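Visitor: I'd like to ask some things about the structure below.
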Amino acid sequence: MSPSNPTNRTTSFRVGWLIDGSGGPIQTDMLLQVVEACIHAVRPYTPEDGRLYGLIDWSQDTVLPGLVDSHVHLFMSGTSDPDIRQKQLTAGYPQTQTVIAKHLAQHLACGVVAVRDGGDRHAHVLRYKSQDPRLNDNPVILQTAGKAWRQAGRYGKLIGRAPGGNDSLADAIGRTASRIDHVKIVNSGLNSLTVFAKETTAQFQLPEMTQAVKACRAKGLPVMVHANGKLPVKIAVEAGCTSIEHGFFMGPDNLQRMAARKTFWVPTGFTMQGYAQQLPPGTLEADMARRNLEDQLRQLAMARELGVRVALGTDAGSLGVHHGTAVREELGLLMQAGYSLQEAIRCATRNGAVLSGLSKLGKLTTGMSATFLAVTGGPSNLPGSLAEIKGLVVNGHDTLPGTP
């Protein structure tokens with residue numbers, strides 16, 4: 001980015017195509033003006049604008065808001081190497097903090113400006129956020145659950161813990177003193193890779209889940225719930241959770257409930273594609289992963305028709321799901337399910353920002369944060385053109401090396 005006018009720190013961009021994050025029409029040949037860290041104006045470009053001090057020419061490029069990945073696990077990599085995966089699952093903080101820093105750098109390089117972490121067993125990500133000075137050098141906004149909550153003896157040991165002693169889930173949450181950004185509750189198991197649409201029982205029934213959500217609200221914390229299958233999702237939605245994470249095989253009734261209650265859905269469809277790509281071809285497990293994905297795409301098409309608020313999340317750290325690069329894969333799946341490019345971008349920008357309570361992010365309009373990225377060429381090149389970002393501005397500052 002060229003030097004700003006020293007008198008008012010105004011920088012102007014001529015933009016070929018502007019996707020503003022609202023889901024509305026793509027705007028062409030626009031002027032985007034930034035003052036300090038905020039967007040000052042967004043309007044059509046005129047020939048007189050060519051005389052503006054330090055005008056940056058992105059007239060052959062597409063600009064969109066910085067991306068938000070609403071479901072990641074920063075302590076894990078998407079590698080298929082079993083030794084590395086096992087070491088990361090059991091590593092202490094000194095080893096994990098290096099992994100976390102690497103993953104945040106990968107997100108930034110892919111235009112991701114905020115991530116919503118779903119927790120880890122030792123709360124290493126929370127410790128990193130609280131203590132690691134490297135976070136000051138990376139502008140990616142990190143929100144984390146610390147440790148997730150699960151039912152004793154049920155799935156979720158790798159990302160959290162169960163309430164202790166005779167505590168209810170609500171009691172345990174009420175006693176939590178750590179400075180987390182949201183609460184993660186696990187209310188089902190994993191998807192089966194051998195039996196199609198197999199559902200697990202709910203870990204928490206409606207009364208306990210309802211009290212847990214109330215306890216979270218009392219602490220001012222949103223609630224993300226890992227839930228697959230009809231009953232686990234129904235319980236979470238009726239209890240008043242903020243978002244359903246994954247939501248495989250939850251069915252149309254739950255989608256209608258979510259639309260009515262304005263519950264967010266973070267579908268993480270690429271997890272199944274990751275499995276399908278990493279598992280041996282022709283195996284039952286690989287074929288089942290593809291079937292699971294196909295069903296998730298059908299649910300996404302229904303969600304679009306019903307008006308469910310969808311926020312893009314990748315579950316980065318899962319097998320074959322790499323931090324940063326998985327965002328463009330998830331965008332592609334949204335479009336495969338019938339979302340327009342603008343709608344898919346909204347899921348990855350404004351919807352993710354709203355879900356995370358980041359009111360100034362995700363939309364390119366006057367008064368919002370000057371946080372956006374540019375990719376070479378027109379919108380038809382997206383999401384593939386995200387593989388090589390031309391420029392990234394965060395809060396009005398150049399971020400990526402090579403930004404003009």
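How things are named: the first chain in the structure tokens is A, the next is B, and so on; residues count from 1 in each chain; ligands count from 1 in the order shown.
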Quick one: pick out all alpha helix (DSSP H) residues within stretch 129-345 of chain A from a backbone DSSP run and write them as a tab-separated table (two decimals) with N, CA and C atoms, in the first residue's frame.
Guide:
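Contents of states-v5.tsv, as written:
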chain	number	residue	atom	x	y	z
A	129	LYS	N	-3.25	-17.24	24.23
A	129	LYS	CA	-3.89	-15.93	24.09
A	129	LYS	C	-3.56	-15.03	25.27
A	130	SER	N	-3.45	-15.61	26.44
A	130	SER	CA	-3.21	-14.83	27.65
A	130	SER	C	-1.76	-14.42	27.84
A	131	GLN	N	-0.83	-15.24	27.29
A	131	GLN	CA	0.57	-15.06	27.67
A	131	GLN	C	1.55	-14.83	26.54
A	169	LEU	N	-23.81	-29.51	34.83
A	169	LEU	CA	-23.09	-28.74	33.82
A	169	LEU	C	-23.19	-27.25	34.13
A	170	ALA	N	-24.37	-26.79	34.52
A	170	ALA	CA	-24.54	-25.37	34.84
A	170	ALA	C	-23.68	-24.97	36.03
A	171	ASP	N	-23.62	-25.82	37.06
A	171	ASP	CA	-22.78	-25.52	38.22
A	171	ASP	C	-21.32	-25.38	37.82
A	172	ALA	N	-20.87	-26.33	37.00
A	172	ALA	CA	-19.46	-26.32	36.58
A	172	ALA	C	-19.14	-25.07	35.77
A	173	ILE	N	-20.04	-24.70	34.87
A	173	ILE	CA	-19.82	-23.49	34.07
A	173	ILE	C	-19.82	-22.26	34.96
A	174	GLY	N	-20.72	-22.23	35.93
A	174	GLY	CA	-20.81	-21.09	36.83
A	174	GLY	C	-19.56	-20.88	37.65
A	175	ARG	N	-18.82	-21.95	37.92
A	175	ARG	CA	-17.61	-21.85	38.72
A	175	ARG	C	-16.36	-21.56	37.88
A	206	LEU	N	-32.52	-31.89	27.75
A	206	LEU	CA	-32.97	-30.51	27.65
A	206	LEU	C	-32.92	-29.73	28.96
A	207	PRO	N	-33.39	-30.27	30.09
A	207	PRO	CA	-33.33	-29.46	31.32
A	207	PRO	C	-31.91	-29.05	31.70
A	208	GLU	N	-30.96	-29.99	31.61
A	208	GLU	CA	-29.59	-29.66	31.99
A	208	GLU	C	-28.95	-28.70	30.99
A	209	MET	N	-29.23	-28.91	29.72
A	209	MET	CA	-28.68	-28.01	28.70
A	209	MET	C	-29.26	-26.60	28.85
A	210	THR	N	-30.54	-26.51	29.15
A	210	THR	CA	-31.18	-25.21	29.33
A	210	THR	C	-30.55	-24.45	30.49
A	211	GLN	N	-30.33	-25.13	31.60
A	211	GLN	CA	-29.69	-24.48	32.75
A	211	GLN	C	-28.25	-24.08	32.43
A	212	ALA	N	-27.57	-24.90	31.65
A	212	ALA	CA	-26.20	-24.58	31.27
A	212	ALA	C	-26.15	-23.33	30.41
A	213	VAL	N	-27.07	-23.21	29.46
A	213	VAL	CA	-27.11	-22.02	28.61
A	213	VAL	C	-27.42	-20.79	29.46
A	214	LYS	N	-28.32	-20.92	30.43
A	214	LYS	CA	-28.62	-19.79	31.32
A	214	LYS	C	-27.38	-19.39	32.11
A	215	ALA	N	-26.61	-20.36	32.55
A	215	ALA	CA	-25.38	-20.05	33.28
A	215	ALA	C	-24.38	-19.31	32.40
A	216	CYS	N	-24.31	-19.69	31.14
A	216	CYS	CA	-23.44	-18.99	30.19
A	216	CYS	C	-23.92	-17.56	29.96
A	217	ARG	N	-25.21	-17.40	29.78
A	217	ARG	CA	-25.76	-16.06	29.55
A	217	ARG	C	-25.48	-15.16	30.75
A	218	ALA	N	-25.58	-15.72	31.95
A	218	ALA	CA	-25.32	-14.93	33.16
A	218	ALA	C	-23.89	-14.42	33.19
A	230	LYS	N	-30.59	-35.70	15.08
A	230	LYS	CA	-31.82	-34.94	15.32
A	230	LYS	C	-31.99	-34.52	16.78
A	231	LEU	N	-31.92	-35.47	17.72
A	231	LEU	CA	-32.21	-35.12	19.11
A	231	LEU	C	-31.12	-34.26	19.74
A	232	PRO	N	-29.84	-34.57	19.58
A	232	PRO	CA	-28.82	-33.69	20.17
A	232	PRO	C	-28.92	-32.25	19.69
A	233	VAL	N	-29.23	-32.06	18.40
A	233	VAL	CA	-29.37	-30.70	17.87
A	233	VAL	C	-30.63	-30.05	18.41
A	234	LYS	N	-31.74	-30.79	18.42
A	234	LYS	CA	-33.00	-30.24	18.92
A	234	LYS	C	-32.84	-29.72	20.35
A	235	ILE	N	-32.20	-30.50	21.19
A	235	ILE	CA	-31.99	-30.10	22.58
A	235	ILE	C	-31.19	-28.80	22.66
A	236	ALA	N	-30.11	-28.73	21.89
A	236	ALA	CA	-29.26	-27.54	21.93
A	236	ALA	C	-30.00	-26.30	21.45
A	237	VAL	N	-30.77	-26.44	20.37
A	237	VAL	CA	-31.49	-25.29	19.82
A	237	VAL	C	-32.59	-24.85	20.78
A	238	GLU	N	-33.36	-25.80	21.30
A	238	GLU	CA	-34.45	-25.43	22.21
A	238	GLU	C	-33.92	-24.87	23.53
A	239	ALA	N	-32.70	-25.24	23.91
A	239	ALA	CA	-32.11	-24.69	25.13
A	239	ALA	C	-31.63	-23.26	24.93
A	251	GLY	N	-31.61	-32.86	10.17
A	251	GLY	CA	-32.92	-32.91	9.56
A	251	GLY	C	-33.61	-31.57	9.40
A	252	PRO	N	-34.65	-31.53	8.54
A	252	PRO	CA	-35.33	-30.26	8.21
A	252	PRO	C	-36.06	-29.62	9.38
A	253	ASP	N	-36.59	-30.41	10.31
A	253	ASP	CA	-37.29	-29.81	11.45
A	253	ASP	C	-36.34	-28.93	12.27
A	254	ASN	N	-35.13	-29.41	12.49
A	254	ASN	CA	-34.16	-28.61	13.23
A	254	ASN	C	-33.75	-27.37	12.45
A	255	LEU	N	-33.64	-27.49	11.14
A	255	LEU	CA	-33.30	-26.31	10.34
A	255	LEU	C	-34.39	-25.26	10.46
A	256	GLN	N	-35.64	-25.69	10.50
A	256	GLN	CA	-36.75	-24.75	10.68
A	256	GLN	C	-36.68	-24.09	12.07
A	257	ARG	N	-36.36	-24.89	13.08
A	257	ARG	CA	-36.20	-24.34	14.43
A	257	ARG	C	-35.09	-23.28	14.46
A	258	MET	N	-33.99	-23.59	13.80
A	258	MET	CA	-32.85	-22.67	13.80
A	258	MET	C	-33.19	-21.38	13.07
A	259	ALA	N	-33.92	-21.50	11.98
A	259	ALA	CA	-34.33	-20.29	11.25
A	259	ALA	C	-35.24	-19.43	12.12
A	260	ALA	N	-36.17	-20.05	12.82
A	260	ALA	CA	-37.11	-19.30	13.65
A	260	ALA	C	-36.42	-18.63	14.84
A	261	ARG	N	-35.43	-19.31	15.41
A	261	ARG	CA	-34.74	-18.79	16.61
A	261	ARG	C	-33.50	-17.99	16.27
A	270	PHE	N	-16.27	-29.48	5.03
A	270	PHE	CA	-15.00	-29.94	4.46
A	270	PHE	C	-14.35	-31.03	5.30
A	271	THR	N	-14.76	-31.19	6.56
A	271	THR	CA	-14.20	-32.29	7.35
A	271	THR	C	-14.40	-33.62	6.65
A	272	MET	N	-15.58	-33.82	6.09
A	272	MET	CA	-15.86	-35.10	5.42
A	272	MET	C	-15.08	-35.22	4.11
A	273	GLN	N	-14.90	-34.11	3.42
A	273	GLN	CA	-14.09	-34.16	2.20
A	273	GLN	C	-12.64	-34.44	2.56
A	274	GLY	N	-12.20	-33.88	3.68
A	274	GLY	CA	-10.84	-34.16	4.15
A	274	GLY	C	-10.63	-35.64	4.40
A	275	TYR	N	-11.58	-36.25	5.09
A	275	TYR	CA	-11.49	-37.69	5.32
A	275	TYR	C	-11.50	-38.46	4.00
A	276	ALA	N	-12.41	-38.09	3.11
A	276	ALA	CA	-12.51	-38.80	1.83
A	276	ALA	C	-11.22	-38.72	1.03
A	277	GLN	N	-10.52	-37.60	1.13
A	277	GLN	CA	-9.27	-37.43	0.38
A	277	GLN	C	-8.09	-38.13	1.04
A	278	GLN	N	-8.13	-38.28	2.37
A	278	GLN	CA	-6.99	-38.85	3.08
A	278	GLN	C	-7.09	-40.35	3.28
A	284	LEU	N	-14.62	-48.50	2.58
A	284	LEU	CA	-15.93	-48.16	3.11
A	284	LEU	C	-15.89	-46.80	3.78
A	285	GLU	N	-14.82	-46.53	4.52
A	285	GLU	CA	-14.72	-45.27	5.26
A	285	GLU	C	-14.66	-44.06	4.32
A	286	ALA	N	-13.87	-44.19	3.25
A	286	ALA	CA	-13.77	-43.07	2.31
A	286	ALA	C	-15.10	-42.83	1.61
A	287	ASP	N	-15.76	-43.91	1.21
A	287	ASP	CA	-17.06	-43.77	0.55
A	287	ASP	C	-18.10	-43.19	1.50
A	288	MET	N	-18.06	-43.59	2.76
A	288	MET	CA	-19.03	-43.08	3.73
A	288	MET	C	-18.80	-41.60	4.00
A	289	ALA	N	-17.55	-41.18	4.03
A	289	ALA	CA	-17.27	-39.76	4.22
A	289	ALA	C	-17.89	-38.94	3.09
A	290	ARG	N	-17.80	-39.45	1.86
A	290	ARG	CA	-18.39	-38.75	0.72
A	290	ARG	C	-19.91	-38.71	0.85
A	291	ARG	N	-20.52	-39.79	1.28
A	291	ARG	CA	-21.98	-39.79	1.47
A	291	ARG	C	-22.38	-38.81	2.56
A	292	ASN	N	-21.61	-38.76	3.62
A	292	ASN	CA	-21.90	-37.80	4.69
A	292	ASN	C	-21.84	-36.37	4.16
A	293	LEU	N	-20.84	-36.09	3.33
A	293	LEU	CA	-20.70	-34.76	2.75
A	293	LEU	C	-21.89	-34.44	1.85
A	294	GLU	N	-22.27	-35.38	1.01
A	294	GLU	CA	-23.40	-35.15	0.11
A	294	GLU	C	-24.67	-34.81	0.89
A	295	ASP	N	-24.90	-35.50	2.01
A	295	ASP	CA	-26.07	-35.21	2.82
A	295	ASP	C	-25.96	-33.82	3.45
A	296	GLN	N	-24.75	-33.47	3.86
A	296	GLN	CA	-24.56	-32.13	4.45
A	296	GLN	C	-24.83	-31.04	3.42
A	297	LEU	N	-24.45	-31.27	2.18
A	297	LEU	CA	-24.72	-30.29	1.13
A	297	LEU	C	-26.22	-30.16	0.89
A	298	ARG	N	-26.96	-31.26	0.99
A	298	ARG	CA	-28.42	-31.20	0.87
A	298	ARG	C	-29.02	-30.36	2.01
A	299	GLN	N	-28.48	-30.56	3.22
A	299	GLN	CA	-28.97	-29.76	4.35
A	299	GLN	C	-28.64	-28.28	4.16
A	300	LEU	N	-27.47	-28.00	3.61
A	300	LEU	CA	-27.10	-26.61	3.36
A	300	LEU	C	-28.05	-25.95	2.35
A	301	ALA	N	-28.44	-26.70	1.33
A	301	ALA	CA	-29.39	-26.17	0.36
A	301	ALA	C	-30.72	-25.83	1.04
A	302	MET	N	-31.17	-26.70	1.96
A	302	MET	CA	-32.39	-26.42	2.72
A	302	MET	C	-32.21	-25.21	3.62
A	303	ALA	N	-31.04	-25.12	4.26
A	303	ALA	CA	-30.78	-24.00	5.15
A	303	ALA	C	-30.85	-22.68	4.39
A	304	ARG	N	-30.33	-22.66	3.19
A	304	ARG	CA	-30.37	-21.46	2.37
A	304	ARG	C	-31.81	-21.05	2.08
A	305	GLU	N	-32.65	-22.03	1.71
A	305	GLU	CA	-34.04	-21.73	1.39
A	305	GLU	C	-34.81	-21.25	2.62
A	306	LEU	N	-34.47	-21.78	3.79
A	306	LEU	CA	-35.18	-21.44	5.02
A	306	LEU	C	-34.67	-20.16	5.67
A	326	ALA	N	-8.19	-24.22	4.20
A	326	ALA	CA	-9.49	-24.91	4.22
A	326	ALA	C	-10.65	-23.94	4.03
A	327	VAL	N	-10.43	-22.65	4.27
A	327	VAL	CA	-11.51	-21.69	4.13
A	327	VAL	C	-12.00	-21.63	2.69
A	328	ARG	N	-11.08	-21.59	1.75
A	328	ARG	CA	-11.53	-21.54	0.36
A	328	ARG	C	-12.20	-22.86	-0.06
A	329	GLU	N	-11.80	-23.98	0.55
A	329	GLU	CA	-12.46	-25.26	0.26
A	329	GLU	C	-13.90	-25.23	0.78
A	330	GLU	N	-14.08	-24.69	1.98
A	330	GLU	CA	-15.42	-24.61	2.55
A	330	GLU	C	-16.29	-23.64	1.75
A	331	LEU	N	-15.70	-22.56	1.26
A	331	LEU	CA	-16.44	-21.64	0.40
A	331	LEU	C	-16.93	-22.37	-0.86
A	332	GLY	N	-16.07	-23.18	-1.43
A	332	GLY	CA	-16.45	-23.94	-2.61
A	332	GLY	C	-17.61	-24.88	-2.34
A	333	LEU	N	-17.64	-25.48	-1.16
A	333	LEU	CA	-18.74	-26.39	-0.82
A	333	LEU	C	-20.05	-25.62	-0.66
A	334	LEU	N	-19.99	-24.43	-0.07
A	334	LEU	CA	-21.20	-23.61	0.05
A	334	LEU	C	-21.77	-23.31	-1.34
A	335	MET	N	-20.89	-22.97	-2.26
A	335	MET	CA	-21.35	-22.68	-3.62
A	335	MET	C	-21.87	-23.94	-4.30
A	336	GLN	N	-21.25	-25.07	-4.00
A	336	GLN	CA	-21.74	-26.34	-4.54
A	336	GLN	C	-23.15	-26.64	-4.03
A	341	LEU	N	-21.90	-16.71	-4.99
A	341	LEU	CA	-20.60	-16.28	-4.48
A	341	LEU	C	-20.77	-15.23	-3.38
A	342	GLN	N	-21.66	-14.27	-3.61
A	342	GLN	CA	-21.86	-13.23	-2.60
A	342	GLN	C	-22.41	-13.81	-1.29
A	343	GLU	N	-23.31	-14.78	-1.39
A	343	GLU	CA	-23.88	-15.40	-0.19
A	343	GLU	C	-22.83	-16.20	0.55
A	344	ALA	N	-21.99	-16.92	-0.20
A	344	ALA	CA	-20.93	-17.70	0.43
A	344	ALA	C	-19.93	-16.78	1.13
A	345	ILE	N	-19.58	-15.68	0.48
A	345	ILE	CA	-18.67	-14.71	1.10
A	345	ILE	C	-19.28	-14.14	2.36
Visitor: Need to verify the contact set: A:Ile84, 12 Å, only C-alpha atoms, exclusion of same-chain residues closer than 4 positions in sequence. Can you return it as JSON, numbers by chain?
Guide: {"A": [75, 76, 77, 78, 79, 80, 88, 89, 90, 91, 95, 96, 99, 317, 319]}
Visitor: Per residue of stretch 221-334 of chain A within 12 Å of stretch 353-373 of chain A, note the shortest atom pair and the distance in Å to one decimal, counting only C-alpha atoms, and order the rows by chain and increasing residue number, as a Markdown table.
Guide:
| residue | atom | partner | partner_atom | distance |
| --- | --- | --- | --- | --- |
| A:Leu221 | CA | A:Gly357 | CA | 10.4 |
| A:Pro222 | CA | A:Ser356 | CA | 8.6 |
| A:Val223 | CA | A:Leu355 | CA | 10.3 |
| A:Met224 | CA | A:Leu355 | CA | 9.9 |
| A:Cys241 | CA | A:Leu355 | CA | 11.7 |
| A:Thr242 | CA | A:Leu355 | CA | 7.9 |
| A:Ser243 | CA | A:Leu355 | CA | 8.0 |
| A:Ile244 | CA | A:Leu355 | CA | 11.3 |
| A:Lys262 | CA | A:Leu355 | CA | 10.8 |
| A:Thr263 | CA | A:Leu355 | CA | 9.6 |
| A:Phe264 | CA | A:Leu355 | CA | 7.2 |
| A:Trp265 | CA | A:Leu355 | CA | 9.7 |
| A:Val266 | CA | A:Leu355 | CA | 9.8 |
| A:Arg309 | CA | A:Leu355 | CA | 9.4 |
| A:Val310 | CA | A:Leu355 | CA | 9.4 |
| A:Ala311 | CA | A:Leu355 | CA | 7.4 |
| A:Leu312 | CA | A:Ala353 | CA | 10.3 |
| A:Gly313 | CA | A:Leu355 | CA | 11.2 |
Visitor: Between atom CA of A:Thr268 and atom CA of A:Tyr128, measure the distance and give it in Å to one decimal.
Guide: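 Spanning atom CA of A:Thr268 to atom CA of A:Tyr128 is a straight-line distance of 24.5 Å.
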Visitor: Just the number, please: distance in Å from atom CA of A:Gly23 to atom CA of A:Asn381, one decimal.
Guide: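 Value for the atom CA of A:Gly23-atom CA of A:Asn381 distance: 17.5 Å.
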Visitor: Which of stretch 175-388 of chain A end up as strand (DSSP E or B) when DSSP is run on this backbone - answer as a list in words?
Guide: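 Strand (DSSP E or B) assignments inside stretch 175-388 of chain A correspond to Val183, Lys184, Ile185, Val186, Val223, Met224, Val225, His226, Ala227, Ser243, Ile244, Glu245, His246, Phe264, Trp265, Val266, Arg309, Val310, Ala316, Ser318, Ser369, Phe372, Leu373, Ala374, Val375 and Thr376 of chain A.
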Visitor: Counting only C-alpha atoms, which of A:Leu67, A:Ala105, A:Ile56, A:Val15 gets nearest to A:Pro44?
Guide: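 That would be A:Val15, the residue with the smallest distance to A:Pro44.
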